[in-house]
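The structure file entry-v6.txt is reproduced below (compact mmCIF, C-alpha atoms and all ligand atoms).
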```
# COMPACT_ATOMS: atom_id res chain seq x y z
CA MET Z 3 -24.96 11.06 38.33
CA GLN Z 4 -21.84 12.92 37.28
CA ILE Z 5 -20.53 9.70 35.72
CA ASN Z 6 -23.72 9.22 33.68
CA THR Z 7 -23.53 12.77 32.37
CA ASN Z 8 -19.93 12.26 31.29
CA GLN Z 9 -20.81 8.98 29.64
CA SER Z 10 -23.69 10.59 27.81
CA GLU Z 11 -21.48 13.44 26.61
CA HIS Z 12 -18.87 10.90 25.49
CA LYS Z 13 -21.49 9.01 23.47
CA ASP Z 14 -22.81 12.21 21.90
CA ASN Z 15 -19.28 13.20 20.91
CA LEU Z 16 -18.63 9.72 19.53
CA LEU Z 17 -21.81 9.90 17.47
CA LEU Z 18 -20.95 13.32 16.09
CA SER Z 19 -17.43 12.25 15.28
CA LEU Z 20 -18.53 9.01 13.57
CA ILE Z 21 -21.20 10.74 11.51
CA SER Z 22 -18.86 13.58 10.60
CA ARG Z 23 -16.07 11.21 9.53
CA TYR Z 24 -18.49 9.08 7.55
CA HIS Z 25 -19.82 12.06 5.59
CA GLN Z 26 -16.35 13.52 5.06
CA VAL Z 27 -14.98 10.31 3.52
CA ARG Z 28 -18.09 9.89 1.37
CA GLN Z 29 -17.84 13.51 0.21
CA ASP Z 30 -14.14 13.02 -0.68
CA SER Z 31 -15.17 10.46 -3.32
CA LEU Z 32 -17.57 12.94 -4.90
CA ASP Z 33 -14.94 15.68 -4.79
CA ILE Z 34 -12.44 13.46 -6.62
CA CYS Z 35 -15.02 12.93 -9.38
CA ALA Z 36 -16.06 16.59 -9.56
CA PRO Z 37 -13.70 17.51 -12.47
CA LEU Z 38 -15.15 14.68 -14.61
CA GLU Z 39 -17.71 15.05 -17.37
CA LYS Z 40 -20.61 12.61 -17.43
CA GLU Z 41 -19.02 10.73 -20.34
CA ASP Z 42 -15.90 10.03 -18.25
CA TYR Z 43 -17.84 8.15 -15.57
CA THR Z 44 -18.62 5.04 -17.62
CA ILE Z 45 -15.33 4.32 -19.42
CA GLN Z 46 -13.29 1.17 -18.69
CA THR Z 47 -9.97 1.10 -20.56
CA CYS Z 48 -8.69 -2.30 -19.37
CA SER Z 49 -9.85 -5.07 -17.08
CA GLU Z 50 -7.98 -3.69 -14.04
CA VAL Z 51 -9.56 -0.25 -14.42
CA SER Z 52 -13.13 0.30 -13.27
CA PRO Z 53 -15.39 3.13 -14.42
CA PRO Z 54 -15.63 5.97 -11.86
CA LYS Z 55 -19.40 5.38 -11.71
CA TRP Z 56 -18.76 1.78 -10.65
CA HIS Z 57 -16.41 2.89 -7.83
CA LEU Z 58 -19.07 5.29 -6.51
CA ALA Z 59 -21.70 2.55 -6.55
CA HIS Z 60 -19.52 -0.30 -5.28
CA THR Z 61 -18.32 1.61 -2.19
CA THR Z 62 -21.99 2.31 -1.44
CA TRP Z 63 -22.93 -1.33 -1.93
CA PHE Z 64 -20.24 -2.24 0.62
CA PHE Z 65 -22.06 -0.29 3.37
CA GLU Z 66 -25.41 -1.66 2.24
CA SER Z 67 -24.30 -5.27 2.02
CA PHE Z 68 -22.08 -5.57 5.09
CA ILE Z 69 -23.78 -3.14 7.48
CA LEU Z 70 -27.34 -2.14 6.59
CA ASN Z 71 -28.51 -5.61 5.56
CA HIS Z 72 -27.38 -6.96 8.95
CA TYR Z 73 -27.95 -4.11 11.39
CA GLN Z 74 -31.16 -2.45 10.11
CA PRO Z 75 -33.97 -5.06 10.50
CA ASP Z 76 -36.41 -3.17 8.27
CA TYR Z 77 -33.84 -1.99 5.72
CA LYS Z 78 -35.06 -2.21 2.13
CA VAL Z 79 -32.27 -2.46 -0.45
CA TYR Z 80 -32.21 0.36 -2.98
CA HIS Z 81 -32.35 -1.95 -5.98
CA PRO Z 82 -32.49 -5.78 -5.94
CA GLN Z 83 -29.95 -6.17 -8.79
CA PHE Z 84 -27.32 -3.84 -7.37
CA ASP Z 85 -26.17 -6.77 -5.24
CA TYR Z 86 -25.09 -8.38 -8.52
CA LEU Z 87 -23.87 -5.29 -10.40
CA PHE Z 88 -21.74 -3.77 -7.64
CA ASN Z 89 -20.41 -6.80 -5.79
CA SER Z 90 -16.71 -6.87 -6.67
CA TYR Z 91 -15.50 -10.33 -5.69
CA TYR Z 92 -17.44 -11.54 -2.62
CA GLU Z 93 -18.47 -14.98 -3.90
CA THR Z 94 -20.09 -15.94 -0.58
CA VAL Z 95 -22.43 -12.93 -0.92
CA GLY Z 96 -23.46 -13.85 -4.47
CA LYS Z 97 -22.26 -14.05 -8.04
CA PRO Z 98 -20.51 -10.79 -9.03
CA PHE Z 99 -20.99 -9.08 -12.40
CA PRO Z 100 -17.90 -9.78 -14.59
CA ARG Z 101 -15.12 -7.31 -13.74
CA ALA Z 102 -13.95 -6.80 -17.32
CA GLN Z 103 -17.46 -5.80 -18.43
CA ARG Z 104 -18.15 -3.02 -15.95
CA GLY Z 105 -17.58 -0.43 -18.66
CA LEU Z 106 -20.36 -1.87 -20.81
CA LEU Z 107 -23.09 -0.71 -18.43
CA SER Z 108 -24.71 2.59 -19.38
CA ARG Z 109 -27.33 2.03 -16.65
CA PRO Z 110 -27.79 2.81 -13.86
CA THR Z 111 -26.99 6.37 -14.86
CA VAL Z 112 -24.60 8.58 -12.91
CA GLU Z 113 -27.62 10.39 -11.45
CA GLU Z 114 -29.12 7.11 -10.24
CA VAL Z 115 -25.82 6.13 -8.64
CA LEU Z 116 -25.68 9.47 -6.84
CA GLN Z 117 -29.24 8.88 -5.59
CA TYR Z 118 -28.17 5.42 -4.41
CA ARG Z 119 -25.35 7.03 -2.45
CA GLN Z 120 -27.76 9.48 -0.79
CA TYR Z 121 -30.19 6.67 0.07
CA VAL Z 122 -27.48 4.62 1.78
CA ASP Z 123 -25.93 7.66 3.49
CA LYS Z 124 -29.30 8.50 5.03
CA ALA Z 125 -29.77 4.91 6.24
CA ILE Z 126 -26.26 4.75 7.74
CA THR Z 127 -26.79 8.07 9.53
CA GLU Z 128 -30.06 6.78 11.02
CA LEU Z 129 -28.41 3.54 12.06
CA LEU Z 130 -25.62 5.39 13.84
CA GLU Z 131 -28.10 7.64 15.61
CA HIS Z 132 -30.00 4.61 16.90
CA THR Z 133 -27.08 2.42 17.90
CA VAL Z 134 -24.57 4.85 19.31
CA ASN Z 135 -25.76 4.28 22.86
CA LYS Z 136 -25.21 0.55 22.55
CA THR Z 137 -21.60 -0.48 22.42
CA ASP Z 138 -21.11 -2.69 19.39
CA SER Z 139 -17.47 -3.15 18.58
CA LYS Z 140 -18.24 -5.23 15.49
CA LEU Z 141 -20.39 -2.47 14.01
CA GLU Z 142 -17.72 0.11 14.80
CA PHE Z 143 -15.12 -2.08 13.09
CA LEU Z 144 -17.31 -2.62 10.01
CA LEU Z 145 -17.90 1.09 9.74
CA ALA Z 146 -14.15 1.77 9.98
CA LEU Z 147 -13.56 -0.97 7.40
CA GLY Z 148 -16.16 0.55 5.07
CA LEU Z 149 -14.51 3.96 5.31
CA ASN Z 150 -11.00 2.57 4.80
CA HIS Z 151 -12.35 0.55 1.88
CA GLU Z 152 -13.78 3.73 0.35
CA GLN Z 153 -10.39 5.44 0.77
CA GLN Z 154 -8.75 2.58 -1.11
CA HIS Z 155 -11.23 3.15 -3.91
CA GLN Z 156 -10.50 6.88 -3.84
CA GLU Z 157 -6.90 6.02 -4.66
CA LEU Z 158 -8.17 3.72 -7.42
CA LEU Z 159 -10.34 6.55 -8.74
CA TYR Z 160 -7.22 8.65 -9.33
CA THR Z 161 -5.27 5.85 -10.98
CA ASP Z 162 -8.22 4.73 -13.08
CA ILE Z 163 -9.04 8.29 -14.20
CA LYS Z 164 -5.38 8.66 -15.20
CA HIS Z 165 -5.56 5.46 -17.27
CA ILE Z 166 -8.83 6.53 -18.86
CA PHE Z 167 -7.44 9.96 -19.82
CA ALA Z 168 -4.07 8.56 -20.98
CA PHE Z 169 -5.89 6.13 -23.30
CA ASN Z 170 -7.49 9.09 -25.09
CA PRO Z 171 -5.31 10.65 -27.83
CA LEU Z 172 -6.67 14.07 -26.79
CA ARG Z 173 -4.76 13.59 -23.49
CA PRO Z 174 -7.42 15.31 -21.36
CA VAL Z 175 -6.37 17.20 -18.24
CA TYR Z 176 -7.94 16.10 -14.97
CA LYS Z 177 -6.64 19.03 -12.90
CA PRO Z 178 -4.36 21.67 -14.43
CA ARG Z 179 -1.33 22.48 -12.32
CA SER Z 180 2.41 22.87 -12.55
CA TYR Z 181 4.87 20.95 -10.42
CA PRO Z 182 7.51 22.57 -8.25
CA SER Z 183 10.95 22.71 -9.79
CA ILE Z 184 13.22 20.78 -7.48
CA GLN Z 185 16.97 20.49 -7.68
CA PRO Z 186 17.84 16.90 -8.63
CA PRO Z 187 18.82 15.10 -5.44
CA GLU Z 188 22.25 13.62 -4.94
CA ARG Z 189 22.79 10.01 -5.89
CA TYR Z 190 20.96 7.84 -3.38
CA SER Z 191 22.92 6.79 -0.32
CA TRP Z 192 22.64 3.68 1.80
CA LEU Z 193 21.06 3.24 5.21
CA ASP Z 194 22.60 0.36 7.14
CA ILE Z 195 20.64 -2.02 9.35
CA LYS Z 196 22.33 -4.52 11.64
CA ALA Z 197 21.46 -8.20 11.66
CA GLY Z 198 19.06 -9.27 14.38
CA THR Z 199 15.63 -10.44 15.36
CA TYR Z 200 12.99 -7.79 14.75
CA ASN Z 201 9.23 -7.52 15.10
CA ILE Z 202 7.02 -6.52 12.18
CA GLY Z 203 3.26 -6.29 11.64
CA ASN Z 204 0.48 -4.35 13.27
CA GLU Z 205 -0.11 -4.45 17.01
CA GLN Z 206 -3.88 -4.21 16.38
CA ASN Z 207 -4.37 -1.38 18.86
CA THR Z 208 -5.64 0.84 16.06
CA PHE Z 209 -7.60 0.05 12.91
CA ALA Z 210 -5.63 -2.18 10.55
CA TYR Z 211 -6.51 -4.73 7.89
CA ASP Z 212 -6.37 -8.37 8.90
CA ASN Z 213 -3.40 -9.03 6.56
CA GLU Z 214 -1.14 -6.66 8.59
CA GLY Z 215 -0.98 -9.01 11.56
CA PRO Z 216 -0.26 -10.80 13.75
CA ARG Z 217 2.88 -8.95 14.81
CA HIS Z 218 5.68 -11.48 14.71
CA ARG Z 219 9.44 -11.95 14.78
CA VAL Z 220 11.66 -11.99 11.71
CA LEU Z 221 15.35 -12.80 11.51
CA LEU Z 222 17.36 -10.46 9.27
CA ASP Z 223 20.99 -10.43 8.19
CA ASP Z 224 22.95 -7.20 7.81
CA PHE Z 225 21.52 -5.21 4.92
CA SER Z 226 21.53 -1.73 3.44
CA ILE Z 227 18.59 0.05 1.87
CA ALA Z 228 18.54 3.15 -0.36
CA ASN Z 229 17.49 6.38 1.34
CA ARG Z 230 15.03 7.23 -1.46
CA PRO Z 231 13.31 5.63 -4.45
CA VAL Z 232 15.00 5.39 -7.85
CA ASN Z 233 14.40 8.49 -9.97
CA ASN Z 234 13.64 8.93 -13.68
CA GLN Z 235 17.20 9.95 -14.56
CA GLU Z 236 18.55 6.76 -13.02
CA TYR Z 237 15.89 4.65 -14.73
CA LEU Z 238 16.57 6.33 -18.07
CA GLU Z 239 20.18 5.14 -17.84
CA PHE Z 240 18.81 1.58 -17.67
CA ILE Z 241 16.65 2.19 -20.76
CA GLU Z 242 19.54 3.74 -22.69
CA ASP Z 243 21.81 0.86 -21.73
CA ASP Z 244 19.32 -1.44 -23.49
CA GLY Z 245 18.19 -2.90 -20.17
CA TYR Z 246 14.89 -3.87 -21.80
CA LYS Z 247 16.76 -5.88 -24.43
CA ASN Z 248 19.06 -7.85 -22.15
CA PRO Z 249 17.48 -11.19 -21.15
CA ALA Z 250 20.16 -11.78 -18.51
CA LEU Z 251 18.51 -9.09 -16.36
CA TRP Z 252 14.99 -10.45 -16.45
CA LEU Z 253 13.00 -13.09 -14.63
CA ALA Z 254 11.62 -15.60 -17.14
CA ASP Z 255 8.00 -14.51 -16.58
CA GLY Z 256 9.03 -10.87 -16.86
CA TRP Z 257 10.96 -11.38 -20.10
CA LYS Z 258 8.03 -13.22 -21.63
CA HIS Z 259 5.54 -10.62 -20.49
CA MET Z 260 7.59 -7.62 -21.63
CA ASN Z 261 8.19 -9.19 -25.03
CA ASN Z 262 4.55 -10.14 -25.50
CA SER Z 263 3.37 -6.69 -24.49
CA GLN Z 264 6.20 -4.86 -26.33
CA CYS Z 265 6.88 -2.60 -23.31
CA HIS Z 266 10.24 -0.86 -23.39
CA HIS Z 267 9.68 1.99 -20.95
CA PRO Z 268 7.41 2.77 -17.99
CA LEU Z 269 3.68 3.02 -18.62
CA TYR Z 270 2.56 6.49 -19.86
CA TRP Z 271 6.00 7.39 -21.26
CA GLU Z 272 6.22 8.47 -24.91
CA LYS Z 273 8.97 9.98 -27.01
CA LYS Z 274 8.41 13.22 -28.95
CA ASN Z 275 11.27 14.77 -30.92
CA ASP Z 276 13.85 12.74 -29.00
CA GLU Z 277 12.45 13.85 -25.64
CA TRP Z 278 10.60 11.72 -23.15
CA TRP Z 279 7.16 12.88 -22.05
CA TYR Z 280 4.64 11.22 -19.77
CA MET Z 281 0.99 11.46 -18.98
CA THR Z 282 0.08 12.98 -15.63
CA LEU Z 283 -3.25 13.91 -14.10
CA SER Z 284 -2.39 17.42 -15.35
CA GLY Z 285 -1.96 16.21 -18.91
CA LEU Z 286 1.13 15.39 -20.96
CA LYS Z 287 4.36 16.78 -19.44
CA PRO Z 288 8.10 16.40 -20.06
CA VAL Z 289 9.49 13.64 -17.85
CA ASP Z 290 10.85 15.17 -14.63
CA LEU Z 291 14.23 13.47 -14.34
CA SER Z 292 14.57 14.19 -10.62
CA ALA Z 293 11.21 12.64 -9.68
CA PRO Z 294 10.83 9.00 -8.60
CA VAL Z 295 10.20 6.67 -11.52
CA THR Z 296 6.67 5.32 -11.45
CA HIS Z 297 4.25 3.04 -13.32
CA VAL Z 298 6.77 0.21 -13.52
CA SER Z 299 5.94 -3.45 -12.97
CA PHE Z 300 7.59 -5.74 -10.44
CA TYR Z 301 9.41 -7.31 -13.39
CA GLU Z 302 10.87 -3.93 -14.40
CA ALA Z 303 11.78 -3.10 -10.79
CA ASP Z 304 13.53 -6.43 -10.39
CA ALA Z 305 15.41 -6.13 -13.72
CA TYR Z 306 16.50 -2.58 -12.87
CA ALA Z 307 17.82 -3.70 -9.47
CA ARG Z 308 19.77 -6.54 -11.12
CA TRP Z 309 21.19 -4.12 -13.72
CA CYS Z 310 22.49 -2.02 -10.77
CA GLY Z 311 24.03 -5.09 -9.13
CA HIS Z 312 21.60 -4.76 -6.23
CA ARG Z 313 18.17 -6.17 -5.35
CA LEU Z 314 14.74 -5.15 -4.08
CA PRO Z 315 14.19 -5.13 -0.30
CA SER Z 316 12.00 -7.72 1.38
CA GLU Z 317 8.91 -6.28 3.03
CA ALA Z 318 10.39 -7.02 6.47
CA GLU Z 319 13.55 -5.10 5.58
CA TRP Z 320 11.45 -2.21 4.28
CA GLU Z 321 9.35 -2.04 7.46
CA ILE Z 322 12.35 -2.25 9.80
CA ALA Z 323 14.16 0.48 7.85
CA ALA Z 324 11.09 2.74 7.83
CA ASP Z 325 10.83 2.28 11.62
CA ALA Z 326 14.54 2.93 12.11
CA TYR Z 327 14.68 6.08 9.98
CA PRO Z 328 11.51 8.05 10.67
CA ALA Z 329 10.70 10.06 7.58
CA ASN Z 330 9.17 13.47 7.19
CA ARG Z 331 5.62 13.82 5.93
CA GLY Z 332 5.57 12.48 2.40
CA ASN Z 333 3.96 13.51 -0.86
CA TYR Z 334 0.47 12.12 -0.32
CA ARG Z 335 -2.72 13.16 -2.07
CA GLU Z 336 -3.13 16.00 0.45
CA THR Z 337 -0.31 17.94 -1.28
CA GLY Z 338 -2.62 18.14 -4.30
CA LEU Z 339 0.26 17.36 -6.69
CA LEU Z 340 -1.09 13.91 -7.63
CA GLN Z 341 2.30 13.20 -9.15
CA PRO Z 342 5.60 11.96 -7.63
CA ILE Z 343 8.21 14.66 -7.08
CA ALA Z 344 11.79 14.65 -5.79
CA ARG Z 345 12.02 15.09 -2.04
CA PRO Z 346 15.43 16.33 -0.99
CA GLU Z 347 14.75 15.60 2.65
CA ALA Z 348 15.64 11.87 2.42
CA PRO Z 349 15.22 9.33 3.99
CA ASP Z 350 11.93 9.25 2.18
CA PHE Z 351 9.88 6.12 2.81
CA PHE Z 352 6.29 7.33 2.54
CA GLY Z 353 4.21 8.83 -0.23
CA ASN Z 354 5.22 9.46 -3.86
CA VAL Z 355 5.27 5.82 -5.08
CA TRP Z 356 4.29 2.38 -3.84
CA GLU Z 357 7.56 0.48 -3.63
CA TRP Z 358 7.78 -3.05 -4.94
CA THR Z 359 9.36 -5.50 -2.53
CA GLN Z 360 10.76 -8.94 -3.34
CA SER Z 361 8.23 -10.49 -0.91
CA PRO Z 362 5.34 -12.57 -2.21
CA TYR Z 363 2.03 -11.57 -0.66
CA GLN Z 364 1.46 -14.32 1.89
CA SER Z 365 -0.08 -14.67 5.31
CA TYR Z 366 1.93 -13.82 8.40
CA PRO Z 367 2.40 -16.64 10.95
CA GLY Z 368 -0.86 -17.12 12.86
CA PHE Z 369 -2.94 -15.11 10.37
CA LYS Z 370 -6.66 -15.69 10.51
CA PRO Z 371 -8.97 -13.96 8.03
CA LEU Z 372 -11.99 -12.09 9.40
CA GLN Z 373 -15.09 -14.22 10.02
CA GLY Z 374 -17.82 -14.41 7.40
CA SER Z 375 -17.99 -12.94 3.89
CA ILE Z 376 -15.79 -10.00 4.91
CA GLY Z 377 -12.98 -12.54 5.27
CA GLU Z 378 -12.78 -12.46 1.46
CA TYR Z 379 -11.43 -8.89 1.68
CA ASN Z 380 -7.70 -9.77 1.77
CA GLY Z 381 -6.85 -13.37 2.57
CA LYS Z 382 -8.02 -15.05 -0.61
CA PHE Z 383 -5.57 -13.01 -2.70
CA MET Z 384 -2.49 -14.46 -1.00
CA CYS Z 385 -1.17 -16.16 -4.13
CA ASN Z 386 0.92 -14.92 -7.07
CA GLN Z 387 1.01 -11.26 -6.01
CA MET Z 388 3.86 -9.15 -4.62
CA VAL Z 389 3.84 -6.81 -1.63
CA LEU Z 390 4.33 -3.06 -2.04
CA ARG Z 391 5.01 -0.62 0.76
CA GLY Z 392 4.90 3.09 1.50
CA GLY Z 393 1.86 4.64 -0.18
CA SER Z 394 1.75 6.95 -3.18
CA CYS Z 395 1.04 10.53 -4.20
CA VAL Z 396 -2.66 9.64 -4.43
CA SER Z 397 -2.93 7.78 -1.09
CA PRO Z 398 -4.73 9.62 1.72
CA VAL Z 399 -2.20 10.20 4.50
CA GLU Z 400 -4.45 9.04 7.32
CA HIS Z 401 -5.05 5.77 5.53
CA LEU Z 402 -1.51 4.41 5.80
CA ARG Z 403 0.61 2.79 8.51
CA HIS Z 404 4.14 1.36 8.67
CA SER Z 405 2.59 -2.12 8.60
CA TYR Z 406 0.35 -1.42 5.58
CA ARG Z 407 0.70 -4.09 2.91
CA ASN Z 408 -0.44 -3.32 -0.61
CA PHE Z 409 -0.32 -6.08 -3.21
CA PHE Z 410 -0.51 -6.36 -6.97
CA TYR Z 411 0.28 -8.88 -9.66
CA PRO Z 412 3.89 -8.61 -10.90
CA HIS Z 413 2.96 -7.32 -14.38
CA GLU Z 414 0.63 -4.53 -13.20
CA ARG Z 415 1.75 -0.95 -13.79
CA TRP Z 416 -1.27 1.34 -13.66
CA GLN Z 417 -0.79 2.16 -9.96
CA PHE Z 418 1.88 4.66 -8.89
CA THR Z 419 4.48 1.92 -8.41
CA GLY Z 420 8.20 2.56 -8.01
CA ILE Z 421 11.56 1.08 -6.99
CA ARG Z 422 13.75 1.20 -3.90
CA LEU Z 423 17.05 -0.65 -3.92
CA ALA Z 424 18.61 -2.80 -1.23
CA LYS Z 425 21.83 -4.79 -0.92
CA ASP Z 426 23.32 -7.40 1.36
FE FE S 501 -13.81 -2.81 -3.09
```
structure tokens encoding of this file:
Amino acid sequence: MQINTNQSEHKDNLLLSLISRYHQVRQDSLDICAPLEKEDYTIQTCSEVSPPKWHLAHTTWFFESFILNHYQPDYKVYHPQFDYLFNSYYETVGKPFPRAQRGLLSRPTVEEVLQYRQYVDKAITELLEHTVNKTDSKLEFLLALGLNHEQQHQELLYTDIKHIFAFNPLRPVYKPRSYPSIQPPERYSWLDIKAGTYNIGNEQNTFAYDNEGPRHRVLLDDFSIANRPVNNQEYLEFIEDDGYKNPALWLADGWKHMNNSQCHHPLYWEKKNDEWWYMTLSGLKPVDLSAPVTHVSFYEADAYARWCGHRLPSEAEWEIAADAYPANRGNYRETGLLQPIARPEAPDFFGNVWEWTQSPYQSYPGFKPLQGSIGEYNGKFMCNQMVLRGGSCVSPVEHLRHSYRNFFYPHERWQFTGIRLAKD
């Protein structure tokens, strides 16, 4: 009898904790959008950027499509065409609306999208209340996946809002704030790692995406890795040394891309009266020379490393170094800065900027994507993209792990992407 009471209390606590976490993550998305005006919600400034309204609807569709449609027998979808409008790339679910045209949709309105969110939130809450006494590990995993998915989109909301505001000559301010003045750190130093066989990847005893495993062995030679990311002062030296004009430093694809796009500095940088400024979520600011450089492509990161006579780390090297030199809590979105800053307390592996690695985004040995349509989440993108590690100033801290693998195409720069050096 005592055992049953304890089990019942455990289930009640589990229910409360699941419902509370669900509503907290969902509320976080609304809070991120709170400073926006209605007009801001529908803008799409390039094909990679999605309108904030689309993010709010798509994350809702994810719960509807992958949970409610399967676990609530009498569930009635909110709108029959939302399955088309807010499907991102799940071809086995149905044909998605073209990504590059998301900003052309004035309807549904923001109000309708908010109603859609409430409708799905109510249905998910009811589902949890009815199923919490039946152990269903798949449902628990899908719920965790849906919440982690929404947190990924929260990070995208910040980066997309920044792109939308930076596109506007009025340079709107998302959140006014000043950044702490930090003494420029010393030149980076090197952390040495001995050659050996190491294990990387997630052990799968906590929530992780399928692409983080299986945990497996890697063979590494002796290498050294910088104790912090490259800062703006160091990157400026590359610009002033005509690094962007020297083809010997660039990969062929990178040289072609940078010439075609006429990029000669990081995204969001602009020169006014011989001084460099950049767009932040707090508006246009003078470039902080001590802060990590950000909004650079893989091509720029690679060219910079070559200009230094060094290289980018592989993702295995990065993970082993981050394990070997435990870092302090980084500059994640919880600091509220929403902008990289210098962190004197190196080694500094987490937060601030996603760090490009030289590793192509591929499957680990023994990788198997998740079963069903949800298997399209990660695995089908394992071609032509590069892995980034560490998390940025707009990543939620609880969302990241040492094994976390982000991935973007080598030319992309609108995320908070930065550079860490390594050498043999
Ligand atoms: Fe998504």
Handout entry: All residues having an atom within 9 Å of ligand FE 501 (chain S) (all atoms listed in the file) as a PyMOL selection string
Key = chain Z and resi 57+60-61+64+89-91+151-152+154-155+379
Practice task
Step by step: start from the point (-20.8, -2.3, -8.5) in the file's coordinates, keep every protein, DNA or RNA residue that has an atom no farther than 9 Å from it, count only C-alpha atoms, and write the set as a ChimeraX atom specification.
Solution key: /Z:55-63,84-90,98-99,104
Using only C-alpha atoms, please write the residues we just selected to a file, as a PDB file, in the frame of the given file.
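As written to disk, selection.pdb reads:
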```pdb
ATOM      1  CA  LYS Z  55     -19.400   5.380 -11.710  1.00  0.00           C
ATOM      2  CA  TRP Z  56     -18.760   1.780 -10.650  1.00  0.00           C
ATOM      3  CA  HIS Z  57     -16.410   2.890  -7.830  1.00  0.00           C
ATOM      4  CA  LEU Z  58     -19.070   5.290  -6.510  1.00  0.00           C
ATOM      5  CA  ALA Z  59     -21.700   2.550  -6.550  1.00  0.00           C
ATOM      6  CA  HIS Z  60     -19.520  -0.300  -5.280  1.00  0.00           C
ATOM      7  CA  THR Z  61     -18.320   1.610  -2.190  1.00  0.00           C
ATOM      8  CA  THR Z  62     -21.990   2.310  -1.440  1.00  0.00           C
ATOM      9  CA  TRP Z  63     -22.930  -1.330  -1.930  1.00  0.00           C
ATOM     10  CA  PHE Z  84     -27.320  -3.840  -7.370  1.00  0.00           C
ATOM     11  CA  ASP Z  85     -26.170  -6.770  -5.240  1.00  0.00           C
ATOM     12  CA  TYR Z  86     -25.090  -8.380  -8.520  1.00  0.00           C
ATOM     13  CA  LEU Z  87     -23.870  -5.290 -10.400  1.00  0.00           C
ATOM     14  CA  PHE Z  88     -21.740  -3.770  -7.640  1.00  0.00           C
ATOM     15  CA  ASN Z  89     -20.410  -6.800  -5.790  1.00  0.00           C
ATOM     16  CA  SER Z  90     -16.710  -6.870  -6.670  1.00  0.00           C
ATOM     17  CA  PRO Z  98     -20.510 -10.790  -9.030  1.00  0.00           C
ATOM     18  CA  PHE Z  99     -20.990  -9.080 -12.400  1.00  0.00           C
ATOM     19  CA  ARG Z 104     -18.150  -3.020 -15.950  1.00  0.00           C
TER      20      ARG Z 104
END
```
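For the set Z:Asp162, Z:Glu319, Z:Glu188, Z:Glu157, the residue with the smallest atom-to-atom gap to Arg345 in chain Z is Z:Glu188, counting only C-alpha atoms.
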Handout entry: Residues near Met384 in chain Z, cut-off 7 Å, only C-alpha atoms, skip fewer than 6 positions along chain, as a list in words
Key = Tyr363, Gln364 and Ser365 of chain Z
Can you list every residue of range 47-114 of chain Z that has an atom at most 7 Å from range 118-125 of chain Z, with its nearest atom pair and the distance in Å to one decimal, using all atoms listed in the file, ordered by chain then number, as CSV?
```
residue,atom,partner,partner_atom,distance
Z:Thr62,CA,Z:Arg119,CA,5.9
Z:Glu66,CA,Z:Val122,CA,6.6
Z:Tyr80,CA,Z:Tyr118,CA,6.6
Z:Glu114,CA,Z:Tyr118,CA,6.1
```
Practice task
List the neighbours of range 215-230 of chain Z out to 6 Å using all atoms listed in the file; skip same-chain residues closer than 4 positions along the sequence, and give me the result as a PyMOL selection string.
Solution key: chain Z and resi 191-205+348-350+423-426
Could the residues of range 221-340 of chain Z that have an atom at most 8 Å from range 163-168 of chain Z be listed as a tab-separated table, each with its closest atom pair and the distance in Å to one decimal, counting only C-alpha atoms and ordered by chain and ascending residue number?
```
residue	atom	partner	partner_atom	distance
Z:Tyr270	CA	Z:Ala168	CA	7.0
Z:Met281	CA	Z:Ala168	CA	6.2
Z:Thr282	CA	Z:Lys164	CA	7.0
Z:Leu283	CA	Z:Lys164	CA	5.8
```
With C-alpha atoms retained, export the selected residues as a tab-separated table (two decimals), in the coordinates of the input.
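Saved result, selection.tsv, follows:
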```tsv
chain	number	residue	atom	x	y	z
Z	270	TYR	CA	2.56	6.49	-19.86
Z	281	MET	CA	0.99	11.46	-18.98
Z	282	THR	CA	0.08	12.98	-15.63
Z	283	LEU	CA	-3.25	13.91	-14.10
```
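Considering all atoms listed in the file, the residue among Z:Leu269, Z:Ile184, Z:Leu172, Z:Val115 positioned nearest to Ser299 in chain Z is Z:Leu269.
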